[in-house]
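Here is the file start-v1.cif (mmCIF, N, CA and C atoms and all ligand atoms).
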data_start
loop_
_atom_site.group_PDB
_atom_site.id
_atom_site.type_symbol
_atom_site.label_atom_id
_atom_site.label_comp_id
_atom_site.auth_asym_id
_atom_site.auth_seq_id
_atom_site.Cartn_x
_atom_site.Cartn_y
_atom_site.Cartn_z
ATOM 1 N N MET A 1 3.688 8.948 -21.196
ATOM 2 C CA MET A 1 3.497 9.279 -19.773
ATOM 3 C C MET A 1 2.343 10.260 -19.656
ATOM 4 N N PRO A 2 1.322 9.933 -18.894
ATOM 5 C CA PRO A 2 0.186 10.852 -18.786
ATOM 6 C C PRO A 2 0.559 12.120 -18.029
ATOM 7 N N GLU A 3 0.019 13.203 -18.509
ATOM 8 C CA GLU A 3 0.251 14.484 -17.834
ATOM 9 C C GLU A 3 -1.090 15.136 -17.544
ATOM 10 N N SER A 4 -1.118 15.914 -16.466
ATOM 11 C CA SER A 4 -2.308 16.692 -16.186
ATOM 12 C C SER A 4 -2.511 17.674 -17.328
ATOM 13 N N ARG A 5 -3.771 17.822 -17.725
ATOM 14 C CA ARG A 5 -4.033 18.760 -18.807
ATOM 15 C C ARG A 5 -5.419 19.343 -18.638
ATOM 16 N N ALA A 6 -5.654 20.411 -19.347
ATOM 17 C CA ALA A 6 -6.907 21.130 -19.208
ATOM 18 C C ALA A 6 -7.526 21.374 -20.576
ATOM 19 N N VAL A 7 -8.838 21.318 -20.612
ATOM 20 C CA VAL A 7 -9.558 21.637 -21.833
ATOM 21 C C VAL A 7 -10.670 22.621 -21.506
ATOM 22 N N GLU A 8 -11.027 23.440 -22.482
ATOM 23 C CA GLU A 8 -12.142 24.358 -22.304
ATOM 24 C C GLU A 8 -13.364 23.766 -22.982
ATOM 25 N N ARG A 9 -14.479 23.737 -22.247
ATOM 26 C CA ARG A 9 -15.711 23.167 -22.767
ATOM 27 C C ARG A 9 -16.882 24.051 -22.361
ATOM 28 N N SER A 10 -18.000 23.846 -23.046
ATOM 29 C CA SER A 10 -19.206 24.530 -22.611
ATOM 30 C C SER A 10 -19.727 23.859 -21.333
ATOM 31 N N ILE A 11 -20.412 24.636 -20.518
ATOM 32 C CA ILE A 11 -20.992 24.097 -19.288
ATOM 33 C C ILE A 11 -22.309 23.422 -19.622
ATOM 34 N N GLU A 12 -22.438 22.175 -19.226
ATOM 35 C CA GLU A 12 -23.649 21.430 -19.534
ATOM 36 C C GLU A 12 -24.677 21.614 -18.417
ATOM 37 N N PRO A 13 -25.956 21.606 -18.785
ATOM 38 C CA PRO A 13 -27.001 21.729 -17.764
ATOM 39 C C PRO A 13 -26.867 20.616 -16.716
ATOM 40 N N GLY A 14 -27.051 20.972 -15.467
ATOM 41 C CA GLY A 14 -26.993 19.969 -14.418
ATOM 42 C C GLY A 14 -25.609 19.752 -13.857
ATOM 43 N N ASN A 15 -24.623 20.438 -14.405
ATOM 44 C CA ASN A 15 -23.266 20.307 -13.861
ATOM 45 C C ASN A 15 -23.265 20.808 -12.421
ATOM 46 N N SER A 16 -22.762 19.996 -11.498
ATOM 47 C CA SER A 16 -22.773 20.393 -10.089
ATOM 48 C C SER A 16 -21.373 20.425 -9.496
ATOM 49 N N ALA A 17 -20.351 20.386 -10.350
ATOM 50 C CA ALA A 17 -18.983 20.429 -9.845
ATOM 51 C C ALA A 17 -18.707 21.787 -9.198
ATOM 52 N N VAL A 18 -17.835 21.764 -8.195
ATOM 53 C CA VAL A 18 -17.496 22.994 -7.486
ATOM 54 C C VAL A 18 -16.115 23.459 -7.922
ATOM 55 N N CYS A 19 -16.020 24.705 -8.299
ATOM 56 C CA CYS A 19 -14.751 25.292 -8.715
ATOM 57 C C CYS A 19 -13.799 25.359 -7.513
ATOM 58 N N PRO A 20 -12.597 24.797 -7.621
ATOM 59 C CA PRO A 20 -11.672 24.785 -6.473
ATOM 60 C C PRO A 20 -11.083 26.158 -6.162
ATOM 61 N N VAL A 21 -11.264 27.119 -7.054
ATOM 62 C CA VAL A 21 -10.719 28.454 -6.810
ATOM 63 C C VAL A 21 -11.677 29.286 -5.963
ATOM 64 N N CYS A 22 -12.949 29.317 -6.352
ATOM 65 C CA CYS A 22 -13.900 30.199 -5.662
ATOM 66 C C CYS A 22 -14.934 29.432 -4.836
ATOM 67 N N ASP A 23 -14.892 28.083 -4.863
ATOM 68 C CA ASP A 23 -15.825 27.251 -4.099
ATOM 69 C C ASP A 23 -17.282 27.466 -4.486
ATOM 70 N N GLU A 24 -17.525 27.902 -5.704
ATOM 71 C CA GLU A 24 -18.900 28.022 -6.182
ATOM 72 C C GLU A 24 -19.147 26.981 -7.270
ATOM 73 N N THR A 25 -20.394 26.566 -7.381
ATOM 74 C CA THR A 25 -20.742 25.580 -8.397
ATOM 75 C C THR A 25 -20.466 26.143 -9.788
ATOM 76 N N VAL A 26 -19.929 25.294 -10.646
ATOM 77 C CA VAL A 26 -19.689 25.702 -12.027
ATOM 78 C C VAL A 26 -20.979 25.479 -12.812
ATOM 79 N N LYS A 27 -21.816 26.475 -12.796
ATOM 80 C CA LYS A 27 -23.067 26.395 -13.549
ATOM 81 C C LYS A 27 -23.147 27.597 -14.473
ATOM 82 N N PHE A 28 -24.069 27.504 -15.389
ATOM 83 C CA PHE A 28 -24.121 28.557 -16.394
ATOM 84 C C PHE A 28 -24.378 29.912 -15.754
ATOM 85 N N LYS A 29 -23.519 30.872 -16.106
ATOM 86 C CA LYS A 29 -23.732 32.256 -15.715
ATOM 87 C C LYS A 29 -23.376 33.106 -16.917
ATOM 88 N N ALA A 30 -24.080 34.177 -17.065
ATOM 89 C CA ALA A 30 -23.824 35.025 -18.230
ATOM 90 C C ALA A 30 -22.383 35.518 -18.258
ATOM 91 N N ARG A 31 -21.824 35.758 -17.062
ATOM 92 C CA ARG A 31 -20.480 36.343 -17.051
ATOM 93 C C ARG A 31 -19.413 35.353 -17.516
ATOM 94 N N THR A 32 -19.707 34.076 -17.445
ATOM 95 C CA THR A 32 -18.731 33.102 -17.932
ATOM 96 C C THR A 32 -19.044 32.679 -19.360
ATOM 97 N N GLN A 33 -20.178 33.160 -19.887
ATOM 98 C CA GLN A 33 -20.611 32.794 -21.231
ATOM 99 C C GLN A 33 -20.695 31.280 -21.397
ATOM 100 N N GLY A 34 -20.990 30.596 -20.281
ATOM 101 C CA GLY A 34 -21.210 29.162 -20.361
ATOM 102 C C GLY A 34 -19.969 28.339 -20.615
ATOM 103 N N ARG A 35 -18.807 28.877 -20.338
ATOM 104 C CA ARG A 35 -17.565 28.145 -20.573
ATOM 105 C C ARG A 35 -16.944 27.727 -19.246
ATOM 106 N N GLN A 36 -16.336 26.553 -19.262
ATOM 107 C CA GLN A 36 -15.630 26.071 -18.092
ATOM 108 C C GLN A 36 -14.297 25.480 -18.554
ATOM 109 N N VAL A 37 -13.401 25.308 -17.612
ATOM 110 C CA VAL A 37 -12.163 24.589 -17.880
ATOM 111 C C VAL A 37 -12.205 23.284 -17.083
ATOM 112 N N ILE A 38 -12.011 22.180 -17.774
ATOM 113 C CA ILE A 38 -11.987 20.870 -17.124
ATOM 114 C C ILE A 38 -10.545 20.385 -17.103
ATOM 115 N N ALA A 39 -10.037 20.092 -15.920
ATOM 116 C CA ALA A 39 -8.659 19.625 -15.786
ATOM 117 C C ALA A 39 -8.658 18.158 -15.379
ATOM 118 N N ASN A 40 -7.984 17.338 -16.160
ATOM 119 C CA ASN A 40 -7.719 15.944 -15.785
ATOM 120 C C ASN A 40 -6.381 15.926 -15.079
ATOM 121 N N ILE A 41 -6.392 15.530 -13.828
ATOM 122 C CA ILE A 41 -5.202 15.659 -12.999
ATOM 123 C C ILE A 41 -4.603 14.290 -12.711
ATOM 124 N N TYR A 42 -3.336 14.177 -13.028
ATOM 125 C CA TYR A 42 -2.592 12.940 -12.764
ATOM 126 C C TYR A 42 -1.590 13.197 -11.651
ATOM 127 N N VAL A 43 -1.502 12.268 -10.721
ATOM 128 C CA VAL A 43 -0.518 12.342 -9.640
ATOM 129 C C VAL A 43 0.346 11.099 -9.734
ATOM 130 N N LYS A 44 1.630 11.301 -9.875
ATOM 131 C CA LYS A 44 2.573 10.181 -10.030
ATOM 132 C C LYS A 44 2.138 9.252 -11.161
ATOM 133 N N ASP A 45 1.775 9.872 -12.298
ATOM 134 C CA ASP A 45 1.410 9.134 -13.511
ATOM 135 C C ASP A 45 0.111 8.354 -13.407
ATOM 136 N N VAL A 46 -0.638 8.557 -12.348
ATOM 137 C CA VAL A 46 -1.915 7.869 -12.190
ATOM 138 C C VAL A 46 -3.027 8.914 -12.150
ATOM 139 N N TRP A 47 -4.093 8.632 -12.925
ATOM 140 C CA TRP A 47 -5.202 9.585 -12.931
ATOM 141 C C TRP A 47 -5.747 9.734 -11.514
ATOM 142 N N ALA A 48 -5.919 10.980 -11.082
ATOM 143 C CA ALA A 48 -6.367 11.233 -9.718
ATOM 144 C C ALA A 48 -7.787 11.785 -9.676
ATOM 145 N N ARG A 49 -8.050 12.792 -10.476
ATOM 146 C CA ARG A 49 -9.374 13.423 -10.376
ATOM 147 C C ARG A 49 -9.575 14.393 -11.530
ATOM 148 N N VAL A 50 -10.817 14.823 -11.647
ATOM 149 C CA VAL A 50 -11.165 15.877 -12.591
ATOM 150 C C VAL A 50 -11.611 17.089 -11.785
ATOM 151 N N GLU A 51 -11.143 18.246 -12.168
ATOM 152 C CA GLU A 51 -11.616 19.466 -11.531
ATOM 153 C C GLU A 51 -12.236 20.365 -12.585
ATOM 154 N N HIS A 52 -13.325 21.021 -12.175
ATOM 155 C CA HIS A 52 -14.012 21.949 -13.071
ATOM 156 C C HIS A 52 -13.798 23.367 -12.551
ATOM 157 N N TYR A 53 -13.358 24.236 -13.434
ATOM 158 C CA TYR A 53 -13.098 25.627 -13.063
ATOM 159 C C TYR A 53 -13.961 26.557 -13.913
ATOM 160 N N HIS A 54 -14.331 27.693 -13.328
ATOM 161 C CA HIS A 54 -14.806 28.788 -14.159
ATOM 162 C C HIS A 54 -13.626 29.251 -15.013
ATOM 163 N N VAL A 55 -13.897 29.652 -16.237
ATOM 164 C CA VAL A 55 -12.797 30.072 -17.117
ATOM 165 C C VAL A 55 -11.973 31.174 -16.465
ATOM 166 N N GLU A 56 -12.648 32.153 -15.893
ATOM 167 C CA GLU A 56 -11.899 33.287 -15.328
ATOM 168 C C GLU A 56 -11.152 32.886 -14.056
ATOM 169 N N CYS A 57 -11.678 31.916 -13.318
ATOM 170 C CA CYS A 57 -10.973 31.452 -12.119
ATOM 171 C C CYS A 57 -9.704 30.694 -12.517
ATOM 172 N N TYR A 58 -9.824 29.880 -13.556
ATOM 173 C CA TYR A 58 -8.656 29.120 -14.004
ATOM 174 C C TYR A 58 -7.543 30.066 -14.437
ATOM 175 N N GLU A 59 -7.923 31.100 -15.162
ATOM 176 C CA GLU A 59 -6.922 32.077 -15.607
ATOM 177 C C GLU A 59 -6.364 32.848 -14.417
ATOM 178 N N ALA A 60 -7.241 33.194 -13.466
ATOM 179 C CA ALA A 60 -6.790 33.934 -12.283
ATOM 180 C C ALA A 60 -5.819 33.102 -11.452
ATOM 181 N N ALA A 61 -5.979 31.773 -11.504
ATOM 182 C CA ALA A 61 -5.082 30.881 -10.746
ATOM 183 C C ALA A 61 -3.769 30.646 -11.481
ATOM 184 N N GLY A 62 -3.618 31.257 -12.638
ATOM 185 C CA GLY A 62 -2.361 31.107 -13.369
ATOM 186 C C GLY A 62 -2.292 29.856 -14.219
ATOM 187 N N GLN A 63 -3.458 29.362 -14.662
ATOM 188 C CA GLN A 63 -3.519 28.158 -15.504
ATOM 189 C C GLN A 63 -2.659 27.027 -14.947
ATOM 190 N N PRO A 64 -3.041 26.506 -13.758
ATOM 191 C CA PRO A 64 -2.189 25.524 -13.053
ATOM 192 C C PRO A 64 -1.935 24.239 -13.831
ATOM 193 N N TYR A 65 -2.800 23.912 -14.788
ATOM 194 C CA TYR A 65 -2.578 22.677 -15.572
ATOM 195 C C TYR A 65 -2.367 22.989 -17.045
ATOM 196 N N GLY A 66 -1.796 24.153 -17.290
ATOM 197 C CA GLY A 66 -1.455 24.514 -18.666
ATOM 198 C C GLY A 66 -2.583 25.248 -19.378
ATOM 199 N N GLU A 67 -2.263 25.695 -20.557
ATOM 200 C CA GLU A 67 -3.244 26.431 -21.337
ATOM 201 C C GLU A 67 -4.337 25.478 -21.805
ATOM 202 N N PRO A 68 -5.613 25.828 -21.598
ATOM 203 C CA PRO A 68 -6.694 24.928 -22.008
ATOM 204 C C PRO A 68 -6.656 24.656 -23.515
ATOM 205 N N GLN A 69 -6.852 23.412 -23.868
ATOM 206 C CA GLN A 69 -6.838 23.020 -25.288
ATOM 207 C C GLN A 69 -8.183 23.343 -25.928
HETATM 208 ZN ZN ZN B 1 -14.637 29.755 -9.857
#
Could the structure of this file be written out as structure tokens, please?
Ligand SMILES: [Zn+2]
Amino acid sequence: MPESRAVERSIEPGNSAVCPVCDETVKFKARTQGRQVIANIYVKDVWARVEHYHVECYEAAGQPYGEPQ
């Protein structure tokens, strides 16, 4: 059964995803040390979407999709 899960990855150049916590683009910033959390979100066992978070925003939100792998 698929579950929503999160992984920590480096931020790639050109990434234009918007962090759902702070509504800012997840782009390289020194304060994040180039790390992001990518969450694959499943709703009712069906893949729904991917969300990109700043590492600190994901932690501030209480790791809604579990501890990043
Ligand atoms: Zn953020």
From the DSSP assignment of the backbone, select every residue of chain A that is helix (DSSP H, G or I), and format the answer as a PyMOL selection string.
chain A and resi 30-32+55-60
Residue neighbourhood A:Asn15, 6 Å, all atoms listed in the file, exclusion window fewer than 3 positions, as a list in words:
Glu12, Val26 and Lys27 of chain A
Could you tell me how far atom CA of A:Val55 lies from atom N of A:Val43, in Å and to one decimal?
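Computing the Euclidean distance for atom CA of A:Val55 and atom N of A:Val43 yields 22.0 Å.
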Neighbours of ligand ZN 1 (chain B) at 6.5 Å or closer, counting only N, CA and C atoms and all ligand atoms: which residues, as a PDB file with N, CA and C atoms, in the frame of the given file?
ATOM      1  N   CYS A  19     -16.020  24.705  -8.299  1.00  0.00           N
ATOM      2  CA  CYS A  19     -14.751  25.292  -8.715  1.00  0.00           C
ATOM      3  C   CYS A  19     -13.799  25.359  -7.513  1.00  0.00           C
ATOM      4  N   PRO A  20     -12.597  24.797  -7.621  1.00  0.00           N
ATOM      5  CA  PRO A  20     -11.672  24.785  -6.473  1.00  0.00           C
ATOM      6  C   PRO A  20     -11.083  26.158  -6.162  1.00  0.00           C
ATOM      7  N   VAL A  21     -11.264  27.119  -7.054  1.00  0.00           N
ATOM      8  CA  VAL A  21     -10.719  28.454  -6.810  1.00  0.00           C
ATOM      9  C   VAL A  21     -11.677  29.286  -5.963  1.00  0.00           C
ATOM     10  N   CYS A  22     -12.949  29.317  -6.352  1.00  0.00           N
ATOM     11  CA  CYS A  22     -13.900  30.199  -5.662  1.00  0.00           C
ATOM     12  C   CYS A  22     -14.934  29.432  -4.836  1.00  0.00           C
ATOM     13  N   ASP A  23     -14.892  28.083  -4.863  1.00  0.00           N
ATOM     14  CA  ASP A  23     -15.825  27.251  -4.099  1.00  0.00           C
ATOM     15  C   ASP A  23     -17.282  27.466  -4.486  1.00  0.00           C
ATOM     16  N   GLU A  24     -17.525  27.902  -5.704  1.00  0.00           N
ATOM     17  CA  GLU A  24     -18.900  28.022  -6.182  1.00  0.00           C
ATOM     18  C   GLU A  24     -19.147  26.981  -7.270  1.00  0.00           C
ATOM     19  N   TYR A  53     -13.358  24.236 -13.434  1.00  0.00           N
ATOM     20  CA  TYR A  53     -13.098  25.627 -13.063  1.00  0.00           C
ATOM     21  C   TYR A  53     -13.961  26.557 -13.913  1.00  0.00           C
ATOM     22  N   HIS A  54     -14.331  27.693 -13.328  1.00  0.00           N
ATOM     23  CA  HIS A  54     -14.806  28.788 -14.159  1.00  0.00           C
ATOM     24  C   HIS A  54     -13.626  29.251 -15.013  1.00  0.00           C
ATOM     25  N   VAL A  55     -13.897  29.652 -16.237  1.00  0.00           N
ATOM     26  CA  VAL A  55     -12.797  30.072 -17.117  1.00  0.00           C
ATOM     27  C   VAL A  55     -11.973  31.174 -16.465  1.00  0.00           C
ATOM     28  N   GLU A  56     -12.648  32.153 -15.893  1.00  0.00           N
ATOM     29  CA  GLU A  56     -11.899  33.287 -15.328  1.00  0.00           C
ATOM     30  C   GLU A  56     -11.152  32.886 -14.056  1.00  0.00           C
ATOM     31  N   CYS A  57     -11.678  31.916 -13.318  1.00  0.00           N
ATOM     32  CA  CYS A  57     -10.973  31.452 -12.119  1.00  0.00           C
ATOM     33  C   CYS A  57      -9.704  30.694 -12.517  1.00  0.00           C
ATOM     34  N   TYR A  58      -9.824  29.880 -13.556  1.00  0.00           N
ATOM     35  CA  TYR A  58      -8.656  29.120 -14.004  1.00  0.00           C
ATOM     36  C   TYR A  58      -7.543  30.066 -14.437  1.00  0.00           C
TER      37      TYR A  58
END
Can you tell me, as a list in words, which residues in stretch 15-59 of chain A count as strand (DSSP E or B) by DSSP?
Val18, Thr25, Arg35, Gln36, Val37, Ile38, Ala39, Asn40, Ile41, Tyr42, Val43, Val46, Trp47, Ala48, Arg49, Val50, Glu51, His52, Tyr53 and His54 of chain A
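Across the structure, atom C of A:Ile41 and atom C of A:Ser4 are spaced 6.1 Å apart.
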Residue contacts of A:Asn40 (8 Å, all atoms listed in the file) excluding same-chain residues fewer than 4 positions away, as a compact mmCIF listing (two decimals) with N, CA and C atoms, in the frame of the given file:
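Written out: part_18.txt:
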# COMPACT_ATOMS: atom_id res chain seq x y z
N GLU A 3 0.02 13.20 -18.51
CA GLU A 3 0.25 14.48 -17.83
C GLU A 3 -1.09 15.14 -17.54
N SER A 4 -1.12 15.91 -16.47
CA SER A 4 -2.31 16.69 -16.19
C SER A 4 -2.51 17.67 -17.33
N ARG A 5 -3.77 17.82 -17.73
CA ARG A 5 -4.03 18.76 -18.81
C ARG A 5 -5.42 19.34 -18.64
N ALA A 6 -5.65 20.41 -19.35
CA ALA A 6 -6.91 21.13 -19.21
C ALA A 6 -7.53 21.37 -20.58
N VAL A 7 -8.84 21.32 -20.61
CA VAL A 7 -9.56 21.64 -21.83
C VAL A 7 -10.67 22.62 -21.51
N TRP A 47 -4.09 8.63 -12.92
CA TRP A 47 -5.20 9.59 -12.93
C TRP A 47 -5.75 9.73 -11.51
N ALA A 48 -5.92 10.98 -11.08
CA ALA A 48 -6.37 11.23 -9.72
C ALA A 48 -7.79 11.78 -9.68
N ARG A 49 -8.05 12.79 -10.48
CA ARG A 49 -9.37 13.42 -10.38
C ARG A 49 -9.57 14.39 -11.53
N VAL A 50 -10.82 14.82 -11.65
CA VAL A 50 -11.16 15.88 -12.59
C VAL A 50 -11.61 17.09 -11.78
N GLU A 51 -11.14 18.25 -12.17
CA GLU A 51 -11.62 19.47 -11.53
C GLU A 51 -12.24 20.36 -12.58
N HIS A 52 -13.32 21.02 -12.18
CA HIS A 52 -14.01 21.95 -13.07
C HIS A 52 -13.80 23.37 -12.55
N TYR A 65 -2.80 23.91 -14.79
CA TYR A 65 -2.58 22.68 -15.57
C TYR A 65 -2.37 22.99 -17.05
Take the PyMOL selection byres (((chain A and resi 36) around 5) and not hetatm), apply it to the structure above, and return the hits as a PyMOL selection string.
chain A and resi 8-11+34-35+37-38+53-55
Which value, in Å to one decimal, gives the distance between atom N of A:Gly62 and atom CA of A:Pro13?
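Atom-to-atom, atom N of A:Gly62 to atom CA of A:Pro13, that is 25.8 Å.
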As lines of an AutoDock Vina configuration file: centre and edge lengths in Å, one decimal, of the axis-aligned box holding stretch 9-19 of chain A with 6 Å per side:
center_x = -20.4
center_y = 22.6
center_z = -15.3
size_x = 25.3
size_y = 17.6
size_z = 27.6
